[in-house]
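**Q** Please find model_33.cif (mmCIF, C-alpha atoms) on the next line:
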data_data
#
loop_
_atom_site.label_atom_id
_atom_site.label_comp_id
_atom_site.auth_asym_id
_atom_site.auth_seq_id
_atom_site.Cartn_x
_atom_site.Cartn_y
_atom_site.Cartn_z
CA MET A 1 12.55 0.16 -11.44
CA GLN A 2 12.52 3.58 -9.83
CA HIS A 3 12.79 3.96 -6.06
CA VAL A 4 11.83 6.52 -3.47
CA VAL A 5 14.01 7.18 -0.43
CA LEU A 6 12.15 7.13 2.87
CA ASN A 7 12.86 9.54 5.71
CA ASN A 8 15.23 7.02 7.32
CA GLY A 9 17.23 6.44 4.12
CA VAL A 10 15.60 3.13 3.17
CA LYS A 11 14.97 2.73 -0.58
CA MET A 12 11.47 1.58 -1.57
CA PRO A 13 10.46 0.51 -5.10
CA ILE A 14 7.88 2.96 -6.45
CA LEU A 15 5.76 0.12 -7.85
CA GLY A 16 4.53 -2.82 -5.81
CA PHE A 17 2.40 -5.93 -6.18
CA GLY A 18 -0.52 -6.19 -3.75
CA VAL A 19 -2.20 -9.44 -2.74
CA PHE A 20 -5.46 -8.06 -1.30
CA GLN A 21 -8.39 -10.41 -2.08
CA ILE A 22 -6.15 -13.07 -3.64
CA PRO A 23 -7.13 -16.39 -2.02
CA ALA A 24 -4.36 -18.08 -0.06
CA SER A 25 -4.53 -21.04 -2.45
CA GLU A 26 -3.61 -18.75 -5.37
CA THR A 27 -1.22 -16.36 -3.63
CA LYS A 28 2.06 -18.27 -3.94
CA GLN A 29 1.73 -18.65 -7.72
CA ALA A 30 0.50 -15.08 -8.16
CA VAL A 31 3.52 -13.71 -6.29
CA LEU A 32 5.90 -15.96 -8.23
CA ASP A 33 4.36 -14.68 -11.47
CA ALA A 34 4.75 -11.09 -10.26
CA ILE A 35 8.39 -11.74 -9.38
CA GLN A 36 8.93 -13.26 -12.82
CA VAL A 37 7.77 -10.08 -14.59
CA GLY A 38 9.94 -7.88 -12.40
CA TYR A 39 8.21 -6.99 -9.14
CA ARG A 40 10.37 -6.95 -6.02
CA HIS A 41 7.98 -4.98 -3.78
CA ILE A 42 5.24 -7.22 -2.33
CA ASP A 43 2.42 -5.90 -0.12
CA THR A 44 0.32 -8.13 2.13
CA ALA A 45 -1.45 -7.80 5.51
CA GLN A 46 -2.49 -9.87 8.48
CA SER A 47 -6.13 -9.42 7.47
CA TYR A 48 -5.51 -10.79 3.96
CA ALA A 49 -4.78 -14.26 5.44
CA ASN A 50 -2.06 -14.96 2.88
CA GLU A 51 1.17 -13.86 4.56
CA LYS A 52 2.41 -17.46 4.72
CA GLU A 53 2.01 -17.92 0.98
CA VAL A 54 3.80 -14.65 0.22
CA GLY A 55 6.74 -15.89 2.28
CA GLU A 56 6.69 -19.24 0.49
CA ALA A 57 6.84 -17.51 -2.89
CA ILE A 58 9.79 -15.35 -1.84
CA ALA A 59 11.64 -18.43 -0.60
CA ALA A 60 10.83 -20.39 -3.77
CA SER A 61 11.90 -17.58 -6.10
CA GLY A 62 15.60 -18.27 -5.62
CA ILE A 63 16.20 -14.52 -5.43
CA PRO A 64 18.15 -13.19 -2.41
CA ARG A 65 15.93 -11.87 0.37
CA GLU A 66 17.64 -8.48 0.35
CA GLU A 67 16.41 -7.81 -3.19
CA PHE A 68 12.80 -7.76 -1.97
CA PHE A 69 10.83 -5.04 -0.23
CA VAL A 70 8.11 -6.80 1.80
CA THR A 71 5.25 -5.01 3.54
CA SER A 72 2.58 -6.26 5.91
CA LYS A 73 0.02 -4.55 8.13
CA VAL A 74 -1.22 -5.03 11.70
CA TRP A 75 -4.95 -5.71 11.89
CA LEU A 76 -7.25 -4.03 14.42
CA GLU A 77 -7.77 -7.08 16.60
CA HIS A 78 -4.04 -6.98 17.33
CA TYR A 79 -3.90 -3.33 18.41
CA GLY A 80 -2.34 -2.32 21.70
CA TYR A 81 1.37 -2.56 22.53
CA GLU A 82 1.70 -6.21 23.53
CA LYS A 83 -0.76 -7.59 20.97
CA THR A 84 0.88 -5.67 18.16
CA ARG A 85 4.34 -6.80 19.15
CA GLN A 86 3.31 -10.45 19.26
CA SER A 87 1.36 -10.19 16.00
CA VAL A 88 4.37 -8.76 14.14
CA LEU A 89 6.58 -11.57 15.42
CA ALA A 90 3.87 -14.04 14.36
CA SER A 91 3.75 -12.48 10.89
CA LEU A 92 7.51 -12.87 10.56
CA GLU A 93 7.25 -16.53 11.59
CA LYS A 94 4.43 -17.19 9.11
CA MET A 95 6.43 -15.64 6.31
CA GLY A 96 9.70 -17.30 7.25
CA LEU A 97 11.46 -13.94 7.39
CA ASP A 98 13.92 -12.44 9.84
CA TYR A 99 12.69 -8.89 9.17
CA LEU A 100 10.07 -6.94 7.26
CA ASP A 101 10.95 -3.95 5.13
CA LEU A 102 7.79 -2.13 6.19
CA MET A 103 5.05 -2.72 8.76
CA LEU A 104 1.96 -0.53 8.81
CA LEU A 105 -0.96 -0.05 11.18
CA HIS A 106 -3.87 -0.93 8.91
CA GLN A 107 -6.61 1.35 10.28
CA PRO A 108 -6.76 4.58 12.36
CA PHE A 109 -8.95 3.16 15.15
CA SER A 110 -8.56 1.54 18.60
CA ASP A 111 -5.25 1.84 20.47
CA TYR A 112 -3.09 2.85 17.54
CA TYR A 113 -0.80 4.81 19.86
CA GLY A 114 0.15 1.68 21.81
CA SER A 115 0.52 -0.21 18.55
CA TYR A 116 2.72 2.42 17.00
CA ARG A 117 5.05 2.39 19.97
CA ALA A 118 5.38 -1.37 19.57
CA LEU A 119 6.41 -0.78 15.96
CA GLU A 120 8.93 1.82 17.12
CA ASP A 121 10.55 -0.72 19.46
CA LEU A 122 10.58 -3.47 16.81
CA TYR A 123 12.16 -0.97 14.42
CA LYS A 124 14.92 -0.23 16.95
CA GLU A 125 15.47 -3.98 17.37
CA GLY A 126 15.98 -4.44 13.62
CA LYS A 127 12.87 -6.52 13.03
CA LEU A 128 11.40 -3.75 10.85
CA ARG A 129 13.36 -1.60 8.40
CA ALA A 130 10.56 0.97 8.21
CA ILE A 131 7.23 1.62 9.93
CA GLY A 132 4.11 3.53 9.11
CA VAL A 133 0.36 3.65 8.91
CA SER A 134 -2.50 3.13 6.48
CA ASN A 135 -5.72 5.11 6.04
CA PHE A 136 -4.61 7.93 8.36
CA TYR A 137 -6.21 11.22 7.37
CA PRO A 138 -4.13 14.42 7.64
CA ASP A 139 -5.29 15.28 11.16
CA ARG A 140 -4.46 11.89 12.64
CA LEU A 141 -1.20 11.60 10.76
CA SER A 142 -0.05 15.03 11.98
CA ASP A 143 -1.05 14.04 15.51
CA LEU A 144 0.98 10.83 15.29
CA VAL A 145 4.00 12.67 13.91
CA ALA A 146 3.84 15.34 16.60
CA PHE A 147 3.65 13.07 19.62
CA ASN A 148 5.85 10.08 18.81
CA GLU A 149 9.60 9.60 18.67
CA ILE A 150 9.82 8.18 15.14
CA THR A 151 8.06 9.86 12.22
CA PRO A 152 6.17 7.26 10.16
CA GLN A 153 8.01 6.46 6.96
CA VAL A 154 4.84 5.69 4.95
CA ASN A 155 1.10 6.35 4.92
CA GLN A 156 -0.85 4.08 2.56
CA VAL A 157 -4.15 5.65 1.47
CA GLU A 158 -6.84 5.21 -1.17
CA THR A 159 -5.50 7.07 -4.21
CA HIS A 160 -6.86 7.06 -7.77
CA PRO A 161 -8.10 9.65 -10.30
CA PHE A 162 -11.46 10.00 -8.51
CA ASN A 163 -9.86 10.48 -5.07
CA GLN A 164 -6.48 12.07 -5.65
CA GLN A 165 -5.43 12.90 -2.07
CA ILE A 166 -3.83 16.18 -3.12
CA PHE A 167 -4.11 17.87 0.28
CA ALA A 168 -3.21 14.64 2.09
CA GLN A 169 -0.06 14.33 -0.01
CA GLU A 170 0.87 17.95 0.69
CA ASN A 171 0.50 17.24 4.41
CA MET A 172 2.64 14.10 4.10
CA ILE A 173 5.36 16.03 2.27
CA LYS A 174 5.26 18.63 5.04
CA ASN A 175 5.71 15.87 7.62
CA ASN A 176 8.32 13.96 5.57
CA VAL A 177 6.07 10.90 5.17
CA GLN A 178 5.91 8.95 1.90
CA ILE A 179 2.47 8.55 0.34
CA GLU A 180 1.58 5.07 -0.98
CA SER A 181 -1.61 4.17 -2.82
CA TRP A 182 -4.16 1.45 -2.49
CA ALA A 183 -7.07 1.02 -4.94
CA THR A 184 -4.92 2.44 -7.72
CA PHE A 185 -7.64 1.48 -10.22
CA ALA A 186 -10.53 2.28 -7.82
CA GLU A 187 -11.29 -1.46 -8.03
CA GLY A 188 -12.90 -0.68 -11.38
CA ARG A 189 -15.65 1.48 -9.88
CA ASN A 190 -17.36 4.29 -11.79
CA ASN A 191 -16.23 2.71 -15.08
CA ILE A 192 -12.75 4.03 -14.48
CA PHE A 193 -11.12 1.87 -17.18
CA THR A 194 -13.35 3.40 -19.86
CA ASN A 195 -13.34 6.97 -18.54
CA PRO A 196 -13.20 9.23 -21.63
CA VAL A 197 -10.39 11.42 -20.25
CA LEU A 198 -8.19 8.43 -19.44
CA VAL A 199 -9.04 6.69 -22.72
CA LYS A 200 -8.05 9.77 -24.74
CA ILE A 201 -4.72 10.08 -22.93
CA ALA A 202 -4.07 6.34 -23.27
CA GLU A 203 -4.67 6.49 -27.02
CA LYS A 204 -2.22 9.39 -27.29
CA TYR A 205 0.62 7.27 -25.89
CA GLY A 206 -0.45 3.86 -27.19
CA LYS A 207 -0.93 2.65 -23.62
CA SER A 208 -3.81 1.18 -21.61
CA THR A 209 -5.86 3.28 -19.20
CA ALA A 210 -4.37 1.17 -16.38
CA GLN A 211 -0.87 2.18 -17.44
CA ILE A 212 -1.93 5.84 -17.56
CA MET A 213 -3.23 5.60 -13.97
CA VAL A 214 0.01 4.00 -12.77
CA ARG A 215 2.18 6.50 -14.63
CA TRP A 216 0.10 9.37 -13.23
CA GLN A 217 0.97 8.20 -9.72
CA VAL A 218 4.64 7.73 -10.57
CA GLU A 219 4.76 11.30 -11.90
CA ARG A 220 3.36 12.50 -8.55
CA GLY A 221 5.98 10.56 -6.59
CA ILE A 222 3.39 8.15 -5.16
CA VAL A 223 4.40 4.58 -4.35
CA CYS A 224 1.81 2.66 -6.35
CA LEU A 225 0.34 -0.79 -5.66
CA THR A 226 -1.48 -2.86 -8.27
CA LYS A 227 -3.00 -6.33 -8.18
CA SER A 228 -3.81 -8.96 -10.76
CA VAL A 229 -3.64 -12.75 -10.98
CA LYS A 230 -2.97 -12.58 -14.72
CA PRO A 231 0.75 -12.43 -15.64
CA GLU A 232 0.05 -10.36 -18.75
CA ARG A 233 -1.69 -7.70 -16.63
CA MET A 234 1.12 -7.78 -14.09
CA ALA A 235 3.62 -7.12 -16.88
CA GLU A 236 1.47 -4.32 -18.31
CA ASN A 237 1.11 -2.58 -14.96
CA ILE A 238 4.87 -2.44 -14.43
CA ASP A 239 5.65 -1.30 -17.99
CA VAL A 240 5.30 2.44 -17.41
CA PHE A 241 8.84 3.79 -17.52
CA ASP A 242 9.14 4.42 -21.27
CA PHE A 243 6.90 7.49 -21.42
CA SER A 244 5.92 10.58 -19.42
CA LEU A 245 2.63 12.45 -19.16
CA SER A 246 2.54 16.09 -20.23
CA GLU A 247 1.49 18.90 -17.92
CA GLU A 248 -1.72 19.10 -19.95
CA ASP A 249 -2.42 15.41 -19.37
CA MET A 250 -1.82 15.78 -15.64
CA ALA A 251 -4.14 18.80 -15.52
CA GLU A 252 -6.90 16.90 -17.32
CA ILE A 253 -6.67 14.02 -14.86
CA THR A 254 -6.76 16.49 -11.95
CA LYS A 255 -10.23 17.55 -13.10
CA LEU A 256 -11.53 14.02 -12.33
CA ASP A 257 -10.95 14.44 -8.59
CA THR A 258 -14.12 14.25 -6.47
CA LYS A 259 -12.10 14.49 -3.22
CA GLU A 260 -14.24 11.69 -1.77
CA SER A 261 -13.67 8.02 -1.03
CA LEU A 262 -15.35 5.39 -3.17
CA PHE A 263 -15.19 2.95 -0.27
CA PHE A 264 -15.57 4.46 3.23
CA ASN A 265 -14.93 7.65 5.15
CA HIS A 266 -12.77 6.95 8.18
CA GLN A 267 -14.03 10.16 9.79
CA ASP A 268 -17.64 8.93 9.72
CA ALA A 269 -18.76 7.32 12.99
CA SER A 270 -20.55 4.54 11.09
CA THR A 271 -17.19 3.41 9.69
CA VAL A 272 -16.09 2.51 13.22
CA ASP A 273 -19.12 0.21 13.47
CA LEU A 274 -18.26 -1.25 10.06
CA PHE A 275 -14.74 -2.19 11.13
CA LEU A 276 -15.98 -3.47 14.48
CA GLY A 277 -18.18 -5.81 12.45
CA PHE A 278 -15.15 -6.94 10.45
CA ILE A 279 -13.35 -7.82 13.68
CA GLU A 280 -16.31 -9.80 14.96
CA GLN A 281 -16.57 -11.68 11.64
CA ARG A 282 -12.91 -12.68 11.80
CA ARG A 283 -13.26 -13.83 15.38
CA GLY A 284 -16.21 -15.97 14.37
CA LYS A 285 -14.25 -17.87 11.73
#
Taking this structure as input, can you express it in the form of structure tokens?

**A**
Amino acid sequence: MQHVVLNNGVKMPILGFGVFQIPASETKQAVLDAIQVGYRHIDTAQSYANEKEVGEAIAASGIPREEFFVTSKVWLEHYGYEKTRQSVLASLEKMGLDYLDLMLLHQPFSDYYGSYRALEDLYKEGKLRAIGVSNFYPDRLSDLVAFNEITPQVNQVETHPFNQQIFAQENMIKNNVQIESWATFAEGRNNIFTNPVLVKIAEKYGKSTAQIMVRWQVERGIVCLTKSVKPERMAENIDVFDFSLSEEDMAEITKLDTKESLFFNHQDASTVDLFLGFIEQRRGK
């Protein structure tokens, strides 16, 4: 497994297993299967409601804790200094862990300044080995970098061939922040797995289109998350270190970029209403 080195010297596996939308009842086994095929980087979140099961899988694996890189994310209803601090401690308790390797702020809304300063303090206390954000566009990321003591180590953003985040990545490199992807396969939208450009490149290397998308991110230095509940797919998604894409291949994939999200635009006012609705739904459960 290749690693990237974050701006504080922490090593982070370049490939990770994400548990978004995996039901809690299936999460422990899915994570154990992922560990079995070689994953040591596991990504969850408070809003996924499966942190406890991720922790159970890590404990049941028999592998030393220090061999894992575990990420979670603070959800919006826990924003603000005190709420964030307590929610991180609660996440650690749920997962049965003494520390997290990375904690992110999940969305760029509400009191993310207060929340980030809580992460800074927990980082100084050793509860978090690295801190960062998710879904922060270049303007908000640069703002956060400029006016806080600790530069975020990571920014996790939607990244796939249809939304390549080229400018965002350039801005992150400028600010010494590691880019990490979510929706690596665009959740299958726009027939991405059968896209003619990706199919042609996959046939050239005897690989799947999924492997081409993962390798494309590795070549760009992007920490890449994938998700599956099928062990054979997990193994396929991590088997990308025996080939490299040519400059021509990379250029062809670049042409697929629409520079637009397939999910939501965080700079659109209606997206704030959307996430407010998500908060209300969770409170109603």

**Q** Using Å and a single decimal, report how far CA of Thr184 (chain A) sits from CA of Val5 (chain A).

**A**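 Between CA of Val5 (chain A) and CA of Thr184 (chain A) the gap works out to 20.8 Å.
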
**Q** On this structure, the PyMOL selection byres ((chain A and resi 86-99) around 10) would catch which residues? List them as a ChimeraX atom specification, sorted by chain and number.

**A** /A:45-46,50-59,65,70,72-75,77-79,81-85,100-103,118-119,122-123,125-129

**Q** Applied to this file, what does the PyMOL selection byres ((chain A and resi 237) around 8) return in terms of residues, put as JSON, numbers by chain?

**A** {"A": [210, 211, 214, 226, 233, 234, 235, 236, 238, 239, 240]}

**Q** So that I can check the surroundings of region 8-19 of chain A, please list as a list in words every protein, DNA and RNA residue that reaches within 8 Å of it, counting only C-alpha atoms and ignoring chain neighbours fewer than 6 positions away.

**A**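 Here the answer would be Met1, Gln2, Thr27, Val31, Ala34, Tyr39, Arg40, His41, Ile42, Asp43, Thr44, Tyr48, Asn50, Phe69, Arg129, Ala130, Gln153, Val218, Gly221, Ile222, Val223, Cys224, Leu225, Thr226, Lys227 and Ile238 of chain A.
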
**Q** Looking at only C-alpha atoms, which of A:Asn190, A:Ser110, A:Ser47, A:Asn176 is the one that sits closest to Phe263 (chain A)?

**A**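 Smallest distance to Phe263 (chain A) is found for A:Asn190.
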
**Q** Contacts of His266 (chain A) at 9 Å or less, counting all atoms listed in the file, minus same-chain residues fewer than 2 places along, as a JSON list (two decimals) with C-alpha atoms, in the frame of the given file?

**A**
[["chain", "number", "residue", "atom", "x", "y", "z"],
["A", 107, "GLN", "CA", -6.61, 1.35, 10.28],
["A", 108, "PRO", "CA", -6.76, 4.58, 12.36],
["A", 109, "PHE", "CA", -8.95, 3.16, 15.15],
["A", 135, "ASN", "CA", -5.72, 5.11, 6.04],
["A", 136, "PHE", "CA", -4.61, 7.93, 8.36],
["A", 137, "TYR", "CA", -6.21, 11.22, 7.37],
["A", 264, "PHE", "CA", -15.57, 4.46, 3.23],
["A", 268, "ASP", "CA", -17.64, 8.93, 9.72],
["A", 269, "ALA", "CA", -18.76, 7.32, 12.99],
["A", 270, "SER", "CA", -20.55, 4.54, 11.09],
["A", 271, "THR", "CA", -17.19, 3.41, 9.69],
["A", 272, "VAL", "CA", -16.09, 2.51, 13.22]]

**Q** I want to know what sits within 8 Å of Ser261 (chain A), based on only C-alpha atoms, with residues of the same chain fewer than 3 positions away left out; could you give that as an MDAnalysis selection string?

**A** chainID A and resid 158 163 264:265

**Q** Create the file for the chosen residues now, containing C-alpha atoms and written as a PDB file, in the coordinates of the input.

**A**
ATOM      1  CA  GLU A 158      -6.840   5.210  -1.170  1.00  0.00           C
ATOM      2  CA  ASN A 163      -9.860  10.480  -5.070  1.00  0.00           C
ATOM      3  CA  PHE A 264     -15.570   4.460   3.230  1.00  0.00           C
ATOM      4  CA  ASN A 265     -14.930   7.650   5.150  1.00  0.00           C
TER       5      ASN A 265
END

**Q** Excluding Arg189 (chain A) and any residue of its chain fewer than 4 positions from it, enumerate the residues within 9 Å of it, using all atoms listed in the file, and give them as a list in words.

**A**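 Near Arg189 (chain A), the qualifying residues are Phe185, Phe193 and Leu262 of chain A.
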
**Q** Looking at all atoms listed in the file, which of A:Ala202, A:Ile150, A:Tyr112, A:Arg140 is the one that sits closest to Lys124 (chain A)?

**A** A:Ile150

**Q** Could you check how far CA of Gln21 (chain A) sits from CA of Ser115 (chain A), in Å to one decimal?

**A**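 Separation between CA of Gln21 (chain A) and CA of Ser115 (chain A): 24.7 Å.
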
**Q** Looking at only C-alpha atoms, which of A:Leu32, A:Ile173, A:Ala24, A:Ile279 is the one that sits closest to Gly62 (chain A)?

**A**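 Between A:Leu32, A:Ile173, A:Ala24, A:Ile279, the residue approaching Gly62 (chain A) most closely is A:Leu32.
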
**Q** Using Å and a single decimal, report how far CA of Asp139 (chain A) sits from CA of Gln267 (chain A).

**A** 10.2 Å

**Q** Find the spatial neighbours of Ser246 (chain A), counting only C-alpha atoms, within a cut-off of 12 Å - ignore same-chain residues fewer than 2 positions away - and output them as a PDB file with C-alpha atoms, in the coordinates of the input.

**A**
ATOM      1  CA  ILE A 201      -4.720  10.080 -22.930  1.00  0.00           C
ATOM      2  CA  LYS A 204      -2.220   9.390 -27.290  1.00  0.00           C
ATOM      3  CA  TYR A 205       0.620   7.270 -25.890  1.00  0.00           C
ATOM      4  CA  ILE A 212      -1.930   5.840 -17.560  1.00  0.00           C
ATOM      5  CA  ARG A 215       2.180   6.500 -14.630  1.00  0.00           C
ATOM      6  CA  TRP A 216       0.100   9.370 -13.230  1.00  0.00           C
ATOM      7  CA  GLU A 219       4.760  11.300 -11.900  1.00  0.00           C
ATOM      8  CA  PHE A 243       6.900   7.490 -21.420  1.00  0.00           C
ATOM      9  CA  SER A 244       5.920  10.580 -19.420  1.00  0.00           C
ATOM     10  CA  GLU A 248      -1.720  19.100 -19.950  1.00  0.00           C
ATOM     11  CA  ASP A 249      -2.420  15.410 -19.370  1.00  0.00           C
ATOM     12  CA  MET A 250      -1.820  15.780 -15.640  1.00  0.00           C
ATOM     13  CA  ALA A 251      -4.140  18.800 -15.520  1.00  0.00           C
ATOM     14  CA  GLU A 252      -6.900  16.900 -17.320  1.00  0.00           C
ATOM     15  CA  ILE A 253      -6.670  14.020 -14.860  1.00  0.00           C
TER      16      ILE A 253
END

**Q** Nearest to Leu105 (chain A) among A:Val157, A:Ala146, A:Val37, A:Val199, with distances taken over all atoms listed in the file: which residue is it?

**A**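 Residue with the minimum atom-to-atom distance to Leu105 (chain A): A:Val157.
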
**Q** For the PyMOL selection byres ((chain A and resi 132) around 6), applied here, can you spell out every residue it catches as a list in words?

**A**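 For this structure, the PyMOL selection byres ((chain A and resi 132) around 6) captures Leu104, Ile131, Val133, Pro152, Gln153, Val154 and Asn155 of chain A.
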
**Q** Any chance you could work out the axis-aligned box around region 113-124 of chain A, listed atoms only, 8 Å on each side, giving centre and edge lengths in Å to one decimal, as JSON?

**A**
{"center_x": 7.1, "center_y": 0.7, "center_z": 18.1, "size_x": 31.7, "size_y": 24.3, "size_z": 23.4}
